[in-house]
$ cat protein.txt   # compact mmCIF, C-alpha atoms
# COMPACT_ATOMS: atom_id res chain seq x y z
CA MET Q 42 141.99 161.92 51.55
CA LYS Q 43 140.42 159.89 54.34
CA LYS Q 44 143.33 157.42 54.19
CA ASN Q 45 145.88 160.29 54.55
CA ILE Q 46 144.07 161.69 57.60
CA ILE Q 47 144.13 158.28 59.31
CA THR Q 48 147.85 157.91 58.58
CA ILE Q 49 148.65 161.35 59.99
CA PHE Q 50 146.59 160.61 63.12
CA ALA Q 51 148.45 157.33 63.65
CA VAL Q 52 151.84 159.05 63.38
CA LEU Q 53 150.83 161.78 65.83
CA PHE Q 54 149.44 159.20 68.28
CA CYS Q 55 152.68 157.21 68.25
CA ALA Q 56 154.73 160.36 68.71
CA ALA Q 57 152.63 161.34 71.74
CA ILE Q 58 153.10 157.92 73.29
CA LEU Q 59 156.88 157.90 72.76
CA SER Q 60 157.63 161.54 73.59
CA PRO Q 61 158.29 161.05 77.33
CA TRP Q 62 161.33 158.92 76.42
CA ALA Q 63 162.96 161.50 74.13
CA GLY Q 64 162.68 159.52 70.93
CA GLY Q 65 163.24 156.12 72.56
CA GLU Q 66 167.04 156.32 73.00
CA ALA Q 67 167.02 157.24 76.72
CA PHE Q 68 164.28 154.69 77.33
CA ALA Q 69 166.48 151.93 75.93
CA ALA Q 70 169.31 153.03 78.26
CA ASP Q 71 166.98 152.91 81.28
CA VAL Q 72 165.79 149.43 80.44
CA GLY Q 73 169.42 148.23 80.35
CA LYS Q 74 170.46 149.98 83.57
CA LEU Q 75 171.98 147.60 86.11
CA ARG Q 76 170.44 147.51 89.57
CA VAL Q 77 172.46 146.70 92.69
CA ALA Q 78 171.26 146.11 96.26
CA LEU Q 79 173.67 146.49 99.19
CA VAL Q 80 172.21 144.52 102.11
CA VAL Q 81 174.24 145.01 105.29
CA ASN Q 82 174.06 143.27 108.65
CA GLN Q 83 175.07 146.31 110.71
CA ARG Q 84 173.82 149.87 110.84
CA PHE Q 85 175.01 152.60 108.51
CA GLY Q 86 176.47 155.61 110.29
CA ASP Q 87 179.22 153.60 111.98
CA ASN Q 88 182.08 155.66 110.48
CA GLY Q 89 183.49 152.23 109.73
CA PRO Q 90 182.87 149.21 107.46
CA MET Q 91 179.21 149.91 106.66
CA ASP Q 92 179.80 153.53 105.72
CA ASP Q 93 182.87 152.55 103.72
CA MET Q 94 180.82 150.04 101.72
CA SER Q 95 178.11 152.63 101.22
CA LYS Q 96 180.67 155.05 99.78
CA GLY Q 97 182.07 152.33 97.52
CA ALA Q 98 178.58 151.68 96.17
CA ASP Q 99 177.97 155.40 95.61
CA ARG Q 100 181.25 155.75 93.74
CA ALA Q 101 180.39 152.79 91.52
CA ALA Q 102 176.93 154.22 90.86
CA ALA Q 103 178.50 157.46 89.67
CA ASP Q 104 181.19 155.76 87.58
CA PHE Q 105 179.07 153.06 85.93
CA GLY Q 106 175.57 154.52 85.94
CA VAL Q 107 174.04 151.74 88.01
CA GLU Q 108 171.09 152.07 90.36
CA VAL Q 109 171.98 151.29 93.98
CA LYS Q 110 169.62 150.47 96.83
CA LYS Q 111 170.91 150.18 100.42
CA LEU Q 112 169.17 148.10 103.05
CA GLU Q 113 169.98 147.53 106.72
CA SER Q 114 169.02 143.98 107.63
CA SER Q 115 168.23 144.53 111.28
CA SER Q 116 168.69 141.02 112.70
CA ALA Q 117 169.70 137.50 111.76
CA ALA Q 118 166.01 136.57 111.60
CA ASN Q 119 165.61 139.01 108.68
CA PHE Q 120 168.68 138.16 106.61
CA GLU Q 121 167.09 135.52 104.41
CA GLU Q 122 163.89 137.39 103.67
CA ASP Q 123 165.70 140.69 103.02
CA VAL Q 124 168.07 139.06 100.53
CA ARG Q 125 165.16 137.23 98.92
CA ALA Q 126 163.11 140.43 98.69
CA MET Q 127 165.89 142.19 96.78
CA SER Q 128 166.25 139.18 94.50
CA ARG Q 129 162.51 139.03 93.89
CA ALA Q 130 162.55 142.74 93.06
CA GLY Q 131 164.86 142.01 90.14
CA TYR Q 132 168.18 143.47 91.28
CA ASP Q 133 171.04 142.22 89.11
CA LEU Q 134 173.58 142.08 91.95
CA ILE Q 135 172.93 141.57 95.65
CA ILE Q 136 175.85 142.42 97.95
CA THR Q 137 175.78 140.87 101.44
CA THR Q 138 178.13 141.42 104.35
CA PHE Q 139 180.12 139.21 106.68
CA PRO Q 140 179.82 135.51 107.61
CA TYR Q 141 176.57 136.02 109.49
CA MET Q 142 174.80 136.40 106.13
CA SER Q 143 176.42 133.44 104.36
CA ASP Q 144 173.68 130.87 104.91
CA SER Q 145 171.02 133.26 103.64
CA THR Q 146 173.15 134.25 100.66
CA LYS Q 147 173.74 130.63 99.62
CA LEU Q 148 170.09 129.67 100.04
CA VAL Q 149 168.68 132.58 98.04
CA ALA Q 150 171.39 132.35 95.37
CA ALA Q 151 170.19 128.83 94.63
CA GLU Q 152 166.63 130.11 94.19
CA TYR Q 153 167.71 132.91 91.80
CA PRO Q 154 170.48 131.47 89.60
CA LYS Q 155 170.37 134.40 87.16
CA THR Q 156 171.02 136.96 89.90
CA MET Q 157 174.63 137.62 90.95
CA TYR Q 158 175.67 137.77 94.62
CA SER Q 159 178.79 139.34 96.10
CA ALA Q 160 179.45 137.97 99.57
CA ILE Q 161 181.78 140.40 101.35
CA PHE Q 162 184.11 138.80 103.92
CA GLN Q 163 182.50 135.37 103.57
CA PHE Q 164 183.66 131.80 102.96
CA ILE Q 165 181.24 130.22 100.49
CA ASN Q 166 183.27 129.00 97.50
CA VAL Q 167 185.76 127.05 99.60
CA GLY Q 168 186.44 123.39 100.34
CA GLY Q 169 185.52 122.27 96.85
CA VAL Q 170 182.26 124.27 96.76
CA SER Q 171 181.66 126.58 93.77
CA ILE Q 172 178.33 128.41 93.43
CA PRO Q 173 178.29 129.92 89.90
CA ASN Q 174 176.43 133.13 90.75
CA VAL Q 175 178.32 133.95 93.99
CA TRP Q 176 181.68 135.73 94.33
CA ASP Q 177 182.85 135.67 97.93
CA THR Q 178 185.86 137.44 99.35
CA GLU Q 179 187.82 137.13 102.56
CA PHE Q 180 190.18 139.73 103.97
CA HIS Q 181 193.67 138.98 105.22
CA GLY Q 182 194.92 141.89 107.32
CA GLU Q 183 197.92 140.26 108.93
CA GLY Q 184 200.37 142.27 106.82
CA ALA Q 185 198.83 145.62 107.68
CA PHE Q 186 198.44 144.83 111.37
CA TYR Q 187 202.03 143.61 111.59
CA LEU Q 188 203.01 147.11 110.45
CA ALA Q 189 200.60 148.72 112.93
CA GLY Q 190 202.15 146.65 115.70
CA TYR Q 191 205.63 147.63 114.56
CA LEU Q 192 204.71 151.31 114.82
CA ALA Q 193 203.12 150.82 118.25
CA GLY Q 194 206.23 149.00 119.49
CA ARG Q 195 208.44 151.85 118.36
CA ALA Q 196 206.16 154.60 119.67
CA THR Q 197 205.55 153.36 123.23
CA LYS Q 198 207.54 154.88 126.08
CA THR Q 199 206.21 152.54 128.78
CA ASN Q 200 206.98 149.42 126.72
CA ARG Q 201 203.37 148.34 127.11
CA VAL Q 202 200.76 148.56 124.36
CA GLY Q 203 197.19 147.33 124.05
CA LEU Q 204 195.09 145.75 121.30
CA VAL Q 205 191.28 145.68 121.35
CA ILE Q 206 189.46 143.47 118.81
CA GLY Q 207 185.70 143.39 118.23
CA ALA Q 208 185.11 139.62 118.27
CA GLU Q 209 186.84 136.29 117.88
CA GLU Q 210 186.99 135.24 114.21
CA PRO Q 211 189.81 133.77 112.08
CA THR Q 212 190.89 136.97 110.33
CA PRO Q 213 190.83 139.25 113.41
CA ASN Q 214 192.71 136.54 115.29
CA ALA Q 215 195.40 136.52 112.58
CA GLU Q 216 195.54 140.31 112.72
CA GLY Q 217 196.00 140.21 116.49
CA ASN Q 218 198.85 137.72 116.29
CA ALA Q 219 200.52 139.75 113.54
CA PHE Q 220 200.18 142.97 115.58
CA MET Q 221 201.90 141.27 118.52
CA ARG Q 222 204.72 139.99 116.31
CA GLY Q 223 205.19 143.42 114.76
CA ALA Q 224 205.40 145.09 118.17
CA LYS Q 225 207.88 142.46 119.39
CA ASP Q 226 210.10 142.78 116.31
CA ALA Q 227 210.17 146.56 116.70
CA ASN Q 228 210.78 146.47 120.44
CA PRO Q 229 211.92 143.21 122.10
CA GLY Q 230 211.16 144.72 125.51
CA VAL Q 231 207.49 145.40 124.77
CA THR Q 232 204.45 143.71 126.33
CA VAL Q 233 201.11 143.56 124.49
CA ASP Q 234 197.80 143.46 126.38
CA PHE Q 235 194.90 142.03 124.42
CA ALA Q 236 191.11 141.67 124.73
CA PHE Q 237 187.99 140.95 122.69
CA VAL Q 238 185.02 143.30 123.10
CA GLY Q 239 182.53 140.64 122.01
CA SER Q 240 180.85 143.06 119.60
CA TYR Q 241 181.70 145.52 116.85
CA GLU Q 242 178.97 147.86 118.10
CA ASP Q 243 179.67 148.29 121.82
CA PRO Q 244 181.87 151.35 122.42
CA ALA Q 245 180.98 151.42 126.13
CA LYS Q 246 182.46 147.96 126.67
CA ALA Q 247 185.49 148.85 124.55
CA LYS Q 248 186.09 151.95 126.66
CA GLU Q 249 185.94 149.90 129.85
CA ILE Q 250 188.48 147.40 128.47
CA THR Q 251 190.79 150.15 127.23
CA SER Q 252 190.67 152.03 130.50
CA ALA Q 253 191.80 148.87 132.31
CA MET Q 254 194.70 148.46 129.85
CA ILE Q 255 195.76 152.06 130.41
CA ALA Q 256 195.57 151.59 134.19
CA GLY Q 257 197.92 148.64 133.70
CA GLY Q 258 200.51 150.81 132.00
CA CYS Q 259 199.63 150.89 128.29
CA ASP Q 260 200.42 154.20 126.64
CA PHE Q 261 199.31 153.10 123.15
CA VAL Q 262 196.13 151.16 122.34
CA GLN Q 263 195.25 149.87 118.86
CA ALA Q 264 191.58 149.36 117.99
CA ASN Q 265 190.38 146.74 115.52
CA ALA Q 266 186.76 146.81 116.57
CA GLY Q 267 184.48 148.60 114.11
CA ALA Q 268 182.12 151.05 115.81
CA SER Q 269 183.39 149.83 119.20
CA GLY Q 270 186.66 151.60 118.36
CA ALA Q 271 185.08 154.89 119.39
CA GLY Q 272 185.22 153.65 122.98
CA VAL Q 273 188.93 152.89 122.65
CA VAL Q 274 189.59 156.43 121.44
CA GLU Q 275 187.44 157.95 124.19
CA ALA Q 276 189.35 156.09 126.91
CA ALA Q 277 192.68 157.07 125.37
CA LYS Q 278 191.63 160.69 125.18
CA ASP Q 279 190.49 160.71 128.80
CA ALA Q 280 193.88 159.34 129.88
CA GLY Q 281 196.01 161.31 127.42
CA VAL Q 282 197.64 158.26 125.82
CA LEU Q 283 198.08 157.29 122.18
CA CYS Q 284 195.60 155.27 120.12
CA ALA Q 285 195.07 154.10 116.56
CA SER Q 286 192.21 152.44 114.70
CA GLU Q 287 191.10 150.68 111.55
CA ILE Q 288 189.14 152.58 108.88
CA THR Q 289 187.88 155.53 110.96
CA ASP Q 290 189.79 158.80 111.40
CA TYR Q 291 189.41 160.22 114.92
CA TYR Q 292 192.18 162.82 114.68
CA ASP Q 293 189.91 165.87 114.60
CA GLY Q 294 188.46 164.83 117.95
CA TYR Q 295 191.72 163.78 119.57
CA ARG Q 296 195.26 164.80 118.64
CA GLY Q 297 196.62 161.66 120.28
CA PHE Q 298 195.14 159.58 117.47
CA VAL Q 299 198.17 158.19 115.64
CA GLY Q 300 196.85 156.69 112.41
CA ILE Q 301 194.60 154.40 110.42
CA VAL Q 302 194.82 150.87 109.10
CA GLY Q 303 192.63 151.01 106.01
CA ILE Q 304 190.39 148.09 105.07
CA GLY Q 305 189.10 148.02 101.53
CA PHE Q 306 185.48 147.05 102.18
CA GLY Q 307 184.28 149.91 100.01
CA GLU Q 308 186.88 149.09 97.38
CA THR Q 309 185.61 145.51 97.23
CA VAL Q 310 182.00 146.68 96.82
CA TYR Q 311 183.22 148.94 94.03
CA ALA Q 312 185.12 146.04 92.41
CA SER Q 313 182.00 143.85 92.58
CA ILE Q 314 179.91 146.41 90.72
CA LYS Q 315 182.66 147.21 88.22
CA GLN Q 316 183.08 143.55 87.33
CA LEU Q 317 179.33 143.22 86.83
CA ALA Q 318 179.24 146.33 84.65
CA ASP Q 319 182.20 145.04 82.61
CA GLY Q 320 180.58 141.64 82.11
CA GLN Q 321 183.38 139.96 84.05
CA PHE Q 322 181.71 139.05 87.34
CA PRO Q 323 183.82 136.21 88.85
CA GLY Q 324 180.96 134.02 90.06
CA GLY Q 325 181.95 130.66 91.49
CA SER Q 326 185.29 131.92 92.81
CA HIS Q 327 186.71 132.91 96.18
CA GLY Q 328 188.96 135.97 96.43
CA ILE Q 329 191.47 137.01 99.07
CA ARG Q 330 191.84 140.74 99.65
CA GLY Q 331 195.00 141.84 101.42
CA LEU Q 332 197.83 144.32 101.52
CA ALA Q 333 198.95 143.45 97.98
CA ASN Q 334 195.62 144.17 96.21
CA GLY Q 335 193.97 146.96 98.20
CA GLY Q 336 192.02 144.77 100.61
CA TYR Q 337 194.07 146.41 103.37
CA PHE Q 338 196.32 149.45 103.23
CA MET Q 339 198.32 151.62 105.57
CA ASP Q 340 197.01 155.17 105.54
CA TRP Q 341 200.50 156.64 105.74
CA PRO Q 342 199.36 160.30 105.52
CA SER Q 343 197.43 159.85 108.78
CA TYR Q 344 200.54 158.52 110.57
CA GLU Q 345 202.73 161.23 109.05
CA ARG Q 346 200.20 163.87 110.13
CA PHE Q 347 200.49 162.78 113.74
CA ALA Q 348 204.29 162.44 113.62
CA ALA Q 349 204.64 165.97 112.22
CA GLY Q 350 202.42 167.50 114.89
CA ASP Q 351 203.53 165.71 118.07
CA GLU Q 352 206.72 166.79 119.84
CA LYS Q 353 206.86 163.93 122.34
CA TYR Q 354 206.28 160.89 120.13
CA GLY Q 355 206.70 162.38 116.67
CA PRO Q 356 210.48 162.07 116.18
CA ALA Q 357 210.60 158.36 117.00
CA LEU Q 358 207.52 157.70 114.92
CA LYS Q 359 208.92 159.48 111.86
CA SER Q 360 211.84 157.09 111.60
CA ALA Q 361 209.58 154.12 112.43
CA ILE Q 362 207.25 155.05 109.55
CA GLU Q 363 210.13 154.91 107.07
CA GLU Q 364 211.20 151.53 108.43
CA ALA Q 365 207.63 150.25 108.23
CA LYS Q 366 207.27 151.44 104.64
CA ASN Q 367 210.30 149.37 103.69
CA ILE Q 368 208.81 146.33 105.42
CA GLU Q 369 205.52 146.94 103.62
CA LYS Q 370 207.34 146.88 100.29
CA GLN Q 371 208.90 143.54 101.21
CA ILE Q 372 205.52 142.09 102.16
CA VAL Q 373 203.79 143.28 98.99
CA GLU Q 374 206.59 142.02 96.76
CA GLY Q 375 206.64 138.64 98.50
CA GLY Q 376 210.05 138.99 100.09
CA ARG Q 377 208.64 138.87 103.62
CA GLU Q 378 205.83 136.62 104.77
CA ILE Q 379 203.56 137.40 107.70
CA ALA Q 380 201.82 134.29 109.01
CA PHE Q 381 198.04 133.98 108.74
CA ASP Q 382 197.87 132.61 112.29
CA THR Q 383 194.22 132.14 113.26
CA GLU Q 384 194.77 130.93 116.82
CA VAL Q 385 193.31 133.16 119.52
CA PRO Q 386 195.91 135.91 120.10
CA ASN Q 387 198.07 135.08 123.08
CA TRP Q 388 200.98 137.28 124.11
CA GLY Q 389 202.44 134.53 126.26
CA ARG Q 390 202.81 132.34 123.16
CA ILE Q 391 204.03 135.10 120.85
CA SER Q 392 206.55 136.48 123.34
CA LYS Q 393 208.31 133.12 123.55
CA GLU Q 394 208.84 132.79 119.80
CA GLY Q 395 212.43 132.96 118.59
$ encode --input "protein.txt" --output "C-alpha cells"
Amino acid sequence: MKKNIITIFAVLFCAAILSPWAGGEAFAADVGKLRVALVVNQRFGDNGPMDDMSKGADRAAADFGVEVKKLESSSAANFEEDVRAMSRAGYDLIITTFPYMSDSTKLVAAEYPKTMYSAIFQFINVGGVSIPNVWDTEFHGEGAFYLAGYLAGRATKTNRVGLVIGAEEPTPNAEGNAFMRGAKDANPGVTVDFAFVGSYEDPAKAKEITSAMIAGGCDFVQANAGASGAGVVEAAKDAGVLCASEITDYYDGYRGFVGIVGIGFGETVYASIKQLADGQFPGGSHGIRGLANGGYFMDWPSYERFAAGDEKYGPALKSAIEEAKNIEKQIVEGGREIAFDTEVPNWGRISKEG
C-alpha cells in the first residue's frame, strides 16, 4: 500500500512539472525554434531599405515560425559589439547590412563558427575568400535603372532630366551609368544632370541638389538615395515637375510621382531565413541579386498608375512603358546586356558613346 502511494505521488509530481508545456510536445517545438537577429546600420522608419528588410523578416517569421529580433546599430563604433552580442545570445542567424558592417561580420563570424551570417549587400566571399558560415549578396541594379532612365528620357518635355544618388559606391555608380544610357537610348536629344548627396539619410541636402537641377531645366528627377529621396520628391513637388524613386512610394503625397524601382532587400532577408529553415543555407558563397532573380524589379503598376492619371505626360509614358517591358524581357532572358559600369557617372562620357 505504501509503495502504491509513493508511485501515485511521483506520477502526479511529474505531471505537475510538465503541465505548462502541454504534455511536452509544444515544449519540444519551442526548443527547436530558430532565432534570427536583423542588425541594421541605419534607422528603421526610413520607408526604404531598412523598413523593407524589416518586412521581409516579419514575413519569414510568419511563414517559417522563426523568432526575429531587430536591432539598430547606431554607429560604426557599435557594429562589432552589436553583432557579437546577438551571436553570444545564441541566435542561429545574424543578418547584417551593407559594406559598412563587413569587417565586423567577418570578425565575429570567425569567433562563432556554428552561427550563420547573412551579409546583405556586402563583398566578403570574393577574391578567393570563402567563409563557411557567411552568405553575402551584392545587388546589381543596372538593368532596372536602365529601364528607369529609358522612361525618364521618353517622359521629359524639356529634354533634361536629373539623377540624385545617395553616395559613391560601385553598384550605385553602375546604376547611374545605366540610367544615363537608358535615357540616351530613349531620347538622343536628352541631357542628364547628376549628383551625389553624400548620404542616404539627408533629405535636406537632396532637396537642395534637386532644386538646383530643376532651376537648370530638369522636368524629371530620379532618386536613388534611400531616405534622402524624400528631399528629391519635396523639391519636385514644390516646382511641379516629375520625379521617381527606388523602393518608396510617394504617390499619395504627390501626383507627379511617376513610379518605383523596386530593390529586393526584404526579399533577400526572406530568402536568407527560408534557406536556414530549409537546411540549405549557402554559407561560403557570394550571390548576385539583380533583375533576373528579384534583387531588383520594376514596379510597373506604379508607373501605369501615373500614366493613367496624368493628361500631360501620361500618353507618352504609356507607350514607353510597353517598350520598356519588352526591353526588360530581353535583359532577363539574356538577349540584351546592360554594362555593370562602376566608374563615377559622367554624362560627358556617356553622351559621347556610339
$ closest_residue --input "protein.txt" --among "Q:Gly305, Q:Gly335, Q:Gly272, Q:Gly207" --to "Ala245 in chain Q" --atoms "all atoms listed in the file"
Q:Gly272
$ closest_residue --input "protein.txt" --among "Q:His181, Q:Arg222, Q:Lys359, Q:Lys353" --to "Asn387 in chain Q" --atoms "all atoms listed in the file"
Q:Arg222
$ residues_around --input "protein.txt" --residues "Asp93 in chain Q" --least-positions-apart "3" --cutoff "12 Å" --atoms "only C-alpha atoms" --output "PDB file with C-alpha atoms, keeping the file's coordinate frame"
ATOM      1  CA  LEU Q  79     173.670 146.490  99.190  1.00  0.00           C
ATOM      2  CA  VAL Q  81     174.240 145.010 105.290  1.00  0.00           C
ATOM      3  CA  ARG Q  84     173.820 149.870 110.840  1.00  0.00           C
ATOM      4  CA  PHE Q  85     175.010 152.600 108.510  1.00  0.00           C
ATOM      5  CA  GLY Q  86     176.470 155.610 110.290  1.00  0.00           C
ATOM      6  CA  ASP Q  87     179.220 153.600 111.980  1.00  0.00           C
ATOM      7  CA  ASN Q  88     182.080 155.660 110.480  1.00  0.00           C
ATOM      8  CA  GLY Q  89     183.490 152.230 109.730  1.00  0.00           C
ATOM      9  CA  PRO Q  90     182.870 149.210 107.460  1.00  0.00           C
ATOM     10  CA  LYS Q  96     180.670 155.050  99.780  1.00  0.00           C
ATOM     11  CA  GLY Q  97     182.070 152.330  97.520  1.00  0.00           C
ATOM     12  CA  ALA Q  98     178.580 151.680  96.170  1.00  0.00           C
ATOM     13  CA  ASP Q  99     177.970 155.400  95.610  1.00  0.00           C
ATOM     14  CA  ARG Q 100     181.250 155.750  93.740  1.00  0.00           C
ATOM     15  CA  GLY Q 267     184.480 148.600 114.110  1.00  0.00           C
ATOM     16  CA  GLU Q 287     191.100 150.680 111.550  1.00  0.00           C
ATOM     17  CA  ILE Q 288     189.140 152.580 108.880  1.00  0.00           C
ATOM     18  CA  THR Q 289     187.880 155.530 110.960  1.00  0.00           C
ATOM     19  CA  GLY Q 303     192.630 151.010 106.010  1.00  0.00           C
ATOM     20  CA  ILE Q 304     190.390 148.090 105.070  1.00  0.00           C
ATOM     21  CA  GLY Q 305     189.100 148.020 101.530  1.00  0.00           C
ATOM     22  CA  PHE Q 306     185.480 147.050 102.180  1.00  0.00           C
ATOM     23  CA  GLY Q 307     184.280 149.910 100.010  1.00  0.00           C
ATOM     24  CA  GLU Q 308     186.880 149.090  97.380  1.00  0.00           C
ATOM     25  CA  THR Q 309     185.610 145.510  97.230  1.00  0.00           C
ATOM     26  CA  VAL Q 310     182.000 146.680  96.820  1.00  0.00           C
ATOM     27  CA  TYR Q 311     183.220 148.940  94.030  1.00  0.00           C
TER      28      TYR Q 311
END
$ closest_residue --input "protein.txt" --among "Q:Thr212, Q:Ser159, Q:Asn367, Q:Asn119" --to "Ile314 in chain Q" --atoms "all atoms listed in the file"
Q:Ser159
$ residues_around --input "protein.txt" --residues "Lys315 in chain Q" --least-positions-apart "3" --cutoff "8 Å" --atoms "all atoms listed in the file" --output "PyMOL selection string"
chain Q and resi 101+105+311-312+318-319
$ residues_near_point --input "protein.txt" --point "(169.3, 143.1, 111.5)" --cutoff "12 Å" --atoms "only C-alpha atoms" --output "PyMOL selection string"
chain Q and resi 80-85+112-124+138+141-142
$ residues_around --input "protein.txt" --residues "range 188-194 of chain Q" --least-positions-apart "2" --cutoff "8 Å" --atoms "only C-alpha atoms" --output "ChimeraX atom specification"
/Q:184-186,196-197,200,202,219-228,231,261,263,302,358,361-362,365,368-369
$ atom_distance --input "protein.txt" --atom1 "CA of Phe298 in chain Q" --atom2 "CA of Glu374 in chain Q"
29.5 Å
$ residues_around --input "protein.txt" --residues "range 278-283 of chain Q" --least-positions-apart "2" --cutoff "9 Å" --atoms "only C-alpha atoms" --output "number ranges by chain"
Q: 196-197, 252, 255, 259-263, 273-276, 285, 294-299
$ atom_distance --input "protein.txt" --atom1 "CA of Val149 in chain Q" --atom2 "CA of Pro213 in chain Q"
27.8 Å
$ atom_distance --input "protein.txt" --atom1 "CA of Ala247 in chain Q" --atom2 "CA of Gly182 in chain Q"
20.8 Å
$ closest_residue --input "protein.txt" --among "Q:Ile172, Q:Val205, Q:Ala333, Q:Ala102" --to "Glu378 in chain Q" --atoms "only C-alpha atoms"
Q:Ala333
$ residues_near_point --input "protein.txt" --point "(171.3, 151.8, 98.3)" --cutoff "8 Å" --atoms "all atoms listed in the file" --output "number ranges by chain"
Q: 77-79, 95, 98, 108-112
$ axis_aligned_box --input "protein.txt" --around "range 333-340 of chain Q" --padding-each-side "3 Å" --output "AutoDock Vina command-line options"
--center_x 195.5 --center_y 149.3 --center_z 100.9 --size_x 12.9 --size_y 17.7 --size_z 15.4
$ closest_residue --input "protein.txt" --among "Q:Glu345, Q:Glu249, Q:Asp234, Q:Glu352" --to "Ala277 in chain Q" --atoms "only C-alpha atoms"
Q:Glu249
